[in-house]
Amino acid sequence: MIHRDTLGYNERQSDTYFGHNKTSHNMSSNIRVPKICQHCGTEFIAKTTVTQYCGDNCAKRAYKKRVREAKIQEVVPTAIQKQDFIQEQVSQKAFLSIAETCKLLGTSRMTLYRQIKTGNIKAGKVGRRTIIKRSSIEKLFQT
Ligand SMILES: [Zn+2]
């Protein structure tokens, strides 16, 4: 059971309360902080205010859980995976159509035509089709 006096206890309070007490060091090392384990939810008495878990087991399990969650967050969003896939497919070709270039760059036709007009991207014509040399797109990324 938790003693009533220790309820709501925290480090700041103990520092000010025992600040001028010559035994303050001993007192603060013996503080008992009622806590809820952040892993299993059990109420326990912690010896430091930073303790988050009821014991080593929960601390270890919580750590493993954090590592696992961090790994999940590392997974690349499917939109980027798709982009990579398209880039991989398209990168096999030396010349691209307008549609392929739009997909590759993720731009609209309007933007692409503007880039062609300003000469940022070099395009050629095969009959009625506009084709774009892949190397001219790659040049965009060279600074
Ligand atoms: Zn626990």
# chains A, B, ... in the order shown; residues from 1 in each chain; ligands from 1
$ closest_atom_pairs --of "chain A" --to "ligand 1" --cutoff "8 Å" --atoms "only C-alpha atoms and all ligand atoms" --output "Markdown table"
| residue | atom | partner | partner_atom_place_in_ligand_line | distance |
| --- | --- | --- | --- | --- |
| A:Ile36 | CA | ligand 1 | 1 (Zn) | 8.0 |
| A:Cys37 | CA | ligand 1 | 1 (Zn) | 4.7 |
| A:Gln38 | CA | ligand 1 | 1 (Zn) | 6.7 |
| A:His39 | CA | ligand 1 | 1 (Zn) | 5.1 |
| A:Cys40 | CA | ligand 1 | 1 (Zn) | 4.1 |
| A:Gly41 | CA | ligand 1 | 1 (Zn) | 6.1 |
| A:Thr42 | CA | ligand 1 | 1 (Zn) | 5.6 |
| A:Tyr53 | CA | ligand 1 | 1 (Zn) | 5.2 |
| A:Cys54 | CA | ligand 1 | 1 (Zn) | 4.3 |
| A:Gly55 | CA | ligand 1 | 1 (Zn) | 6.0 |
| A:Asn57 | CA | ligand 1 | 1 (Zn) | 7.3 |
| A:Cys58 | CA | ligand 1 | 1 (Zn) | 4.6 |
| A:Ala59 | CA | ligand 1 | 1 (Zn) | 7.4 |
$ residues_around --residues "region 123-137 of chain A" --least-positions-apart "5" --cutoff "10 Å" --atoms "only C-alpha atoms" --output "NGL selection string"
:A and (90-101 or 104-105 or 113 or 115-117 or 142)
$ closest_residue --among "A:Thr49, A:Lys35, A:Lys60, A:Lys103" --to "Gln83 (chain A)" --atoms "only C-alpha atoms"
A:Lys103
$ select_by_dssp --residues "region 16-129 of chain A" --states "alpha helix (DSSP H)" --output "PyMOL selection string"
chain A and resi 16-17+24-29+56-74+78-90+98-105+109-117
$ write_last_selection --atoms "C-alpha atoms" --output "PDB file, in the first residue's frame"
ATOM      1  CA  THR A  16      12.544  22.365  -1.886  1.00  0.00           C
ATOM      2  CA  TYR A  17      11.240  20.585   1.158  1.00  0.00           C
ATOM      3  CA  SER A  24      18.817  15.804   2.106  1.00  0.00           C
ATOM      4  CA  HIS A  25      21.103  13.568   0.050  1.00  0.00           C
ATOM      5  CA  ASN A  26      20.133  10.479   1.966  1.00  0.00           C
ATOM      6  CA  MET A  27      16.502  11.488   1.916  1.00  0.00           C
ATOM      7  CA  SER A  28      16.425  12.001  -1.837  1.00  0.00           C
ATOM      8  CA  SER A  29      18.086   8.664  -2.504  1.00  0.00           C
ATOM      9  CA  ASP A  56      13.573  -5.042 -15.273  1.00  0.00           C
ATOM     10  CA  ASN A  57      11.216  -7.337 -17.164  1.00  0.00           C
ATOM     11  CA  CYS A  58       8.850  -4.529 -18.095  1.00  0.00           C
ATOM     12  CA  ALA A  59      11.731  -2.175 -18.883  1.00  0.00           C
ATOM     13  CA  LYS A  60      13.219  -4.760 -21.251  1.00  0.00           C
ATOM     14  CA  ARG A  61       9.892  -5.561 -22.866  1.00  0.00           C
ATOM     15  CA  ALA A  62       9.088  -1.862 -23.318  1.00  0.00           C
ATOM     16  CA  TYR A  63      12.511  -1.298 -24.853  1.00  0.00           C
ATOM     17  CA  LYS A  64      11.991  -4.160 -27.314  1.00  0.00           C
ATOM     18  CA  LYS A  65       8.571  -2.766 -28.183  1.00  0.00           C
ATOM     19  CA  ARG A  66      10.089   0.667 -28.891  1.00  0.00           C
ATOM     20  CA  VAL A  67      12.723  -0.902 -31.134  1.00  0.00           C
ATOM     21  CA  ARG A  68      10.042  -2.860 -32.988  1.00  0.00           C
ATOM     22  CA  GLU A  69       7.902   0.256 -33.482  1.00  0.00           C
ATOM     23  CA  ALA A  70      10.914   2.203 -34.707  1.00  0.00           C
ATOM     24  CA  LYS A  71      11.505  -0.497 -37.318  1.00  0.00           C
ATOM     25  CA  ILE A  72       7.891  -0.325 -38.503  1.00  0.00           C
ATOM     26  CA  GLN A  73       8.236   3.422 -38.969  1.00  0.00           C
ATOM     27  CA  GLU A  74      11.307   2.845 -41.128  1.00  0.00           C
ATOM     28  CA  THR A  78       3.975   2.616 -50.678  1.00  0.00           C
ATOM     29  CA  ALA A  79       3.734   5.864 -52.664  1.00  0.00           C
ATOM     30  CA  ILE A  80       7.533   6.130 -52.585  1.00  0.00           C
ATOM     31  CA  GLN A  81       7.943   2.391 -53.291  1.00  0.00           C
ATOM     32  CA  LYS A  82       5.704   2.841 -56.322  1.00  0.00           C
ATOM     33  CA  GLN A  83       7.733   5.830 -57.429  1.00  0.00           C
ATOM     34  CA  ASP A  84      10.905   3.765 -57.112  1.00  0.00           C
ATOM     35  CA  PHE A  85       9.329   0.969 -59.127  1.00  0.00           C
ATOM     36  CA  ILE A  86       8.294   3.326 -61.928  1.00  0.00           C
ATOM     37  CA  GLN A  87      11.735   4.912 -61.899  1.00  0.00           C
ATOM     38  CA  GLU A  88      13.337   1.476 -62.109  1.00  0.00           C
ATOM     39  CA  GLN A  89      11.101   0.513 -65.046  1.00  0.00           C
ATOM     40  CA  VAL A  90      11.554   3.786 -66.858  1.00  0.00           C
ATOM     41  CA  ILE A  98       5.458  12.650 -72.247  1.00  0.00           C
ATOM     42  CA  ALA A  99       3.271  10.424 -70.063  1.00  0.00           C
ATOM     43  CA  GLU A 100       6.230   8.428 -68.775  1.00  0.00           C
ATOM     44  CA  THR A 101       8.174  11.573 -68.000  1.00  0.00           C
ATOM     45  CA  CYS A 102       5.207  12.994 -66.078  1.00  0.00           C
ATOM     46  CA  LYS A 103       5.015   9.786 -64.038  1.00  0.00           C
ATOM     47  CA  LEU A 104       8.725   9.778 -63.450  1.00  0.00           C
ATOM     48  CA  LEU A 105       8.870  13.374 -62.305  1.00  0.00           C
ATOM     49  CA  ARG A 109       1.782  17.695 -68.589  1.00  0.00           C
ATOM     50  CA  MET A 110       1.491  21.485 -68.334  1.00  0.00           C
ATOM     51  CA  THR A 111       4.567  21.680 -66.132  1.00  0.00           C
ATOM     52  CA  LEU A 112       6.467  19.305 -68.356  1.00  0.00           C
ATOM     53  CA  TYR A 113       5.639  21.238 -71.531  1.00  0.00           C
ATOM     54  CA  ARG A 114       6.724  24.433 -69.763  1.00  0.00           C
ATOM     55  CA  GLN A 115      10.045  22.802 -68.862  1.00  0.00           C
ATOM     56  CA  ILE A 116      10.469  21.745 -72.506  1.00  0.00           C
ATOM     57  CA  LYS A 117       9.619  25.242 -73.734  1.00  0.00           C
TER      58      LYS A 117
END
$ atom_distance --atom1 "CA of Leu140 (chain A)" --atom2 "CA of Gly119 (chain A)"
11.0 Å
$ atom_distance --atom1 "CA of Gln52 (chain A)" --atom2 "CA of Val75 (chain A)"
28.2 Å
$ atom_distance --atom1 "CA of Val76 (chain A)" --atom2 "CA of Ser108 (chain A)"
24.1 Å
$ closest_residue --among "A:Gly106, A:Ile121, A:Pro77, A:Arg32" --to "Thr48 (chain A)" --atoms "only C-alpha atoms"
A:Arg32
$ select_by_dssp --residues "region 72-128 of chain A" --states "strand (DSSP E or B)" --output "list in words"
Phe95, Leu96, Ser97, Ala123, Gly124, Lys125 and Val126 of chain A
$ write_last_selection --atoms "all heavy atoms" --output "mmCIF file, in the first residue's frame"
data_model
loop_
_atom_site.group_PDB
_atom_site.id
_atom_site.type_symbol
_atom_site.label_atom_id
_atom_site.label_comp_id
_atom_site.auth_asym_id
_atom_site.auth_seq_id
_atom_site.Cartn_x
_atom_site.Cartn_y
_atom_site.Cartn_z
ATOM 1 N N PHE A 95 14.757 6.705 -74.110
ATOM 2 C CA PHE A 95 13.816 7.767 -74.482
ATOM 3 C C PHE A 95 12.464 7.520 -73.814
ATOM 4 O O PHE A 95 12.030 6.379 -73.694
ATOM 5 C CB PHE A 95 13.629 7.832 -76.004
ATOM 6 C CG PHE A 95 14.874 8.233 -76.716
ATOM 7 C CD1 PHE A 95 15.749 7.274 -77.210
ATOM 8 C CD2 PHE A 95 15.189 9.582 -76.879
ATOM 9 C CE1 PHE A 95 16.920 7.645 -77.851
ATOM 10 C CE2 PHE A 95 16.355 9.956 -77.526
ATOM 11 C CZ PHE A 95 17.227 8.984 -78.019
ATOM 12 N N LEU A 96 11.817 8.601 -73.417
ATOM 13 C CA LEU A 96 10.547 8.490 -72.711
ATOM 14 C C LEU A 96 9.469 9.285 -73.418
ATOM 15 O O LEU A 96 9.753 10.286 -74.070
ATOM 16 C CB LEU A 96 10.695 9.049 -71.288
ATOM 17 C CG LEU A 96 11.792 8.443 -70.419
ATOM 18 C CD1 LEU A 96 11.969 9.276 -69.171
ATOM 19 C CD2 LEU A 96 11.477 7.013 -70.079
ATOM 20 N N SER A 97 8.259 8.822 -73.236
ATOM 21 C CA SER A 97 7.120 9.593 -73.735
ATOM 22 C C SER A 97 6.798 10.699 -72.724
ATOM 23 O O SER A 97 7.327 10.706 -71.611
ATOM 24 C CB SER A 97 5.909 8.691 -73.920
ATOM 25 O OG SER A 97 5.414 8.299 -72.660
ATOM 26 N N ALA A 123 13.463 17.943 -75.634
ATOM 27 C CA ALA A 123 12.520 16.987 -76.217
ATOM 28 C C ALA A 123 12.707 16.949 -77.730
ATOM 29 O O ALA A 123 13.140 17.918 -78.348
ATOM 30 C CB ALA A 123 11.095 17.389 -75.874
ATOM 31 N N GLY A 124 12.403 15.800 -78.273
ATOM 32 C CA GLY A 124 12.466 15.662 -79.723
ATOM 33 C C GLY A 124 11.139 15.150 -80.247
ATOM 34 O O GLY A 124 10.249 14.779 -79.470
ATOM 35 N N LYS A 125 10.997 15.131 -81.560
ATOM 36 C CA LYS A 125 9.738 14.669 -82.156
ATOM 37 C C LYS A 125 10.007 13.480 -83.043
ATOM 38 O O LYS A 125 10.953 13.470 -83.822
ATOM 39 C CB LYS A 125 9.121 15.800 -82.982
ATOM 40 C CG LYS A 125 8.486 16.875 -82.130
ATOM 41 C CD LYS A 125 6.985 16.910 -82.385
ATOM 42 C CE LYS A 125 6.294 17.872 -81.436
ATOM 43 N NZ LYS A 125 4.854 17.748 -81.509
ATOM 44 N N VAL A 126 9.183 12.471 -82.880
ATOM 45 C CA VAL A 126 9.190 11.344 -83.803
ATOM 46 C C VAL A 126 7.797 11.306 -84.399
ATOM 47 O O VAL A 126 6.845 10.893 -83.749
ATOM 48 C CB VAL A 126 9.516 10.016 -83.096
ATOM 49 C CG1 VAL A 126 9.466 8.864 -84.086
ATOM 50 C CG2 VAL A 126 10.875 10.091 -82.435
#
$ decode --residues "region 77-92 of chain A" --atoms "all heavy atoms" --output "mmCIF file, in the first residue's frame"
data_model
loop_
_atom_site.group_PDB
_atom_site.id
_atom_site.type_symbol
_atom_site.label_atom_id
_atom_site.label_comp_id
_atom_site.auth_asym_id
_atom_site.auth_seq_id
_atom_site.Cartn_x
_atom_site.Cartn_y
_atom_site.Cartn_z
ATOM 1 N N PRO A 77 6.909 4.390 -47.272
ATOM 2 C CA PRO A 77 5.505 4.449 -47.708
ATOM 3 C C PRO A 77 5.344 3.901 -49.113
ATOM 4 O O PRO A 77 6.238 4.034 -49.946
ATOM 5 C CB PRO A 77 5.195 5.947 -47.686
ATOM 6 C CG PRO A 77 6.195 6.533 -46.774
ATOM 7 C CD PRO A 77 7.426 5.670 -46.868
ATOM 8 N N THR A 78 4.183 3.278 -49.382
ATOM 9 C CA THR A 78 3.975 2.616 -50.678
ATOM 10 C C THR A 78 4.050 3.600 -51.839
ATOM 11 O O THR A 78 4.475 3.231 -52.929
ATOM 12 C CB THR A 78 2.604 1.895 -50.717
ATOM 13 O OG1 THR A 78 1.604 2.829 -50.335
ATOM 14 C CG2 THR A 78 2.578 0.691 -49.825
ATOM 15 N N ALA A 79 3.659 4.859 -51.600
ATOM 16 C CA ALA A 79 3.734 5.864 -52.664
ATOM 17 C C ALA A 79 5.173 6.014 -53.153
ATOM 18 O O ALA A 79 5.420 6.116 -54.354
ATOM 19 C CB ALA A 79 3.209 7.197 -52.159
ATOM 20 N N ILE A 80 6.120 5.987 -52.212
ATOM 21 C CA ILE A 80 7.533 6.130 -52.585
ATOM 22 C C ILE A 80 8.036 4.837 -53.222
ATOM 23 O O ILE A 80 8.791 4.870 -54.193
ATOM 24 C CB ILE A 80 8.387 6.526 -51.355
ATOM 25 C CG1 ILE A 80 7.969 7.923 -50.900
ATOM 26 C CG2 ILE A 80 9.882 6.468 -51.670
ATOM 27 C CD1 ILE A 80 8.550 8.345 -49.574
ATOM 28 N N GLN A 81 7.570 3.673 -52.683
ATOM 29 C CA GLN A 81 7.943 2.391 -53.291
ATOM 30 C C GLN A 81 7.496 2.332 -54.742
ATOM 31 O O GLN A 81 8.227 1.864 -55.606
ATOM 32 C CB GLN A 81 7.310 1.235 -52.511
ATOM 33 C CG GLN A 81 7.967 0.981 -51.177
ATOM 34 C CD GLN A 81 7.357 -0.202 -50.483
ATOM 35 O OE1 GLN A 81 7.045 -1.205 -51.106
ATOM 36 N NE2 GLN A 81 7.184 -0.097 -49.181
ATOM 37 N N LYS A 82 6.269 2.820 -54.981
ATOM 38 C CA LYS A 82 5.704 2.841 -56.322
ATOM 39 C C LYS A 82 6.547 3.731 -57.230
ATOM 40 O O LYS A 82 6.873 3.367 -58.355
ATOM 41 C CB LYS A 82 4.261 3.347 -56.252
ATOM 42 C CG LYS A 82 3.455 3.043 -57.496
ATOM 43 C CD LYS A 82 2.013 3.475 -57.296
ATOM 44 C CE LYS A 82 1.237 3.417 -58.585
ATOM 45 N NZ LYS A 82 -0.084 4.050 -58.435
ATOM 46 N N GLN A 83 6.895 4.885 -56.702
ATOM 47 C CA GLN A 83 7.733 5.830 -57.429
ATOM 48 C C GLN A 83 9.065 5.178 -57.816
ATOM 49 O O GLN A 83 9.512 5.290 -58.955
ATOM 50 C CB GLN A 83 7.973 7.066 -56.553
ATOM 51 C CG GLN A 83 8.692 8.205 -57.268
ATOM 52 C CD GLN A 83 7.764 8.982 -58.179
ATOM 53 O OE1 GLN A 83 6.555 8.759 -58.184
ATOM 54 N NE2 GLN A 83 8.326 9.862 -58.961
ATOM 55 N N ASP A 84 9.643 4.463 -56.852
ATOM 56 C CA ASP A 84 10.905 3.765 -57.112
ATOM 57 C C ASP A 84 10.730 2.719 -58.201
ATOM 58 O O ASP A 84 11.597 2.556 -59.054
ATOM 59 C CB ASP A 84 11.410 3.081 -55.834
ATOM 60 C CG ASP A 84 12.011 4.092 -54.874
ATOM 61 O OD1 ASP A 84 12.233 5.242 -55.309
ATOM 62 O OD2 ASP A 84 12.249 3.725 -53.722
ATOM 63 N N PHE A 85 9.606 2.015 -58.148
ATOM 64 C CA PHE A 85 9.329 0.969 -59.127
ATOM 65 C C PHE A 85 9.213 1.572 -60.528
ATOM 66 O O PHE A 85 9.822 1.069 -61.473
ATOM 67 C CB PHE A 85 8.026 0.244 -58.749
ATOM 68 C CG PHE A 85 7.587 -0.759 -59.771
ATOM 69 C CD1 PHE A 85 8.256 -1.974 -59.897
ATOM 70 C CD2 PHE A 85 6.519 -0.501 -60.619
ATOM 71 C CE1 PHE A 85 7.858 -2.903 -60.837
ATOM 72 C CE2 PHE A 85 6.116 -1.429 -61.562
ATOM 73 C CZ PHE A 85 6.793 -2.632 -61.673
ATOM 74 N N ILE A 86 8.460 2.661 -60.634
ATOM 75 C CA ILE A 86 8.294 3.326 -61.928
ATOM 76 C C ILE A 86 9.657 3.820 -62.429
ATOM 77 O O ILE A 86 10.012 3.631 -63.592
ATOM 78 C CB ILE A 86 7.296 4.506 -61.824
ATOM 79 C CG1 ILE A 86 5.881 3.972 -61.542
ATOM 80 C CG2 ILE A 86 7.286 5.332 -63.106
ATOM 81 C CD1 ILE A 86 4.908 5.032 -61.059
ATOM 82 N N GLN A 87 10.418 4.404 -61.522
ATOM 83 C CA GLN A 87 11.735 4.912 -61.899
ATOM 84 C C GLN A 87 12.627 3.782 -62.416
ATOM 85 O O GLN A 87 13.336 3.946 -63.396
ATOM 86 C CB GLN A 87 12.393 5.593 -60.691
ATOM 87 C CG GLN A 87 12.467 7.092 -60.881
ATOM 88 C CD GLN A 87 12.610 7.824 -59.574
ATOM 89 O OE1 GLN A 87 12.892 7.219 -58.541
ATOM 90 N NE2 GLN A 87 12.446 9.117 -59.611
ATOM 91 N N GLU A 88 12.542 2.635 -61.713
ATOM 92 C CA GLU A 88 13.337 1.476 -62.109
ATOM 93 C C GLU A 88 12.943 1.020 -63.518
ATOM 94 O O GLU A 88 13.796 0.766 -64.357
ATOM 95 C CB GLU A 88 13.113 0.351 -61.090
ATOM 96 C CG GLU A 88 13.977 -0.877 -61.308
ATOM 97 C CD GLU A 88 15.468 -0.589 -61.152
ATOM 98 O OE1 GLU A 88 15.826 0.234 -60.289
ATOM 99 O OE2 GLU A 88 16.261 -1.176 -61.915
ATOM 100 N N GLN A 89 11.616 0.931 -63.748
ATOM 101 C CA GLN A 89 11.101 0.513 -65.046
ATOM 102 C C GLN A 89 11.547 1.478 -66.145
ATOM 103 O O GLN A 89 12.043 1.071 -67.183
ATOM 104 C CB GLN A 89 9.558 0.501 -65.005
ATOM 105 C CG GLN A 89 8.985 -0.528 -64.078
ATOM 106 C CD GLN A 89 8.712 -1.834 -64.787
ATOM 107 O OE1 GLN A 89 7.925 -1.859 -65.726
ATOM 108 N NE2 GLN A 89 9.366 -2.881 -64.383
ATOM 109 N N VAL A 90 11.314 2.749 -65.859
ATOM 110 C CA VAL A 90 11.554 3.786 -66.858
ATOM 111 C C VAL A 90 13.054 3.980 -67.102
ATOM 112 O O VAL A 90 13.466 4.311 -68.208
ATOM 113 C CB VAL A 90 10.854 5.099 -66.407
ATOM 114 C CG1 VAL A 90 11.312 6.272 -67.230
ATOM 115 C CG2 VAL A 90 9.351 4.944 -66.514
ATOM 116 N N SER A 91 13.851 3.704 -66.085
ATOM 117 C CA SER A 91 15.284 3.950 -66.224
ATOM 118 C C SER A 91 15.947 2.992 -67.205
ATOM 119 O O SER A 91 17.090 3.181 -67.598
ATOM 120 C CB SER A 91 15.969 3.849 -64.859
ATOM 121 O OG SER A 91 15.939 2.516 -64.420
ATOM 122 N N GLN A 92 15.192 1.928 -67.603
ATOM 123 C CA GLN A 92 15.736 0.994 -68.581
ATOM 124 C C GLN A 92 15.733 1.596 -69.988
ATOM 125 O O GLN A 92 16.439 1.141 -70.872
ATOM 126 C CB GLN A 92 14.916 -0.310 -68.615
ATOM 127 C CG GLN A 92 14.659 -0.934 -67.252
ATOM 128 C CD GLN A 92 15.932 -1.381 -66.553
ATOM 129 O OE1 GLN A 92 16.845 -1.886 -67.188
ATOM 130 N NE2 GLN A 92 15.987 -1.190 -65.248
#
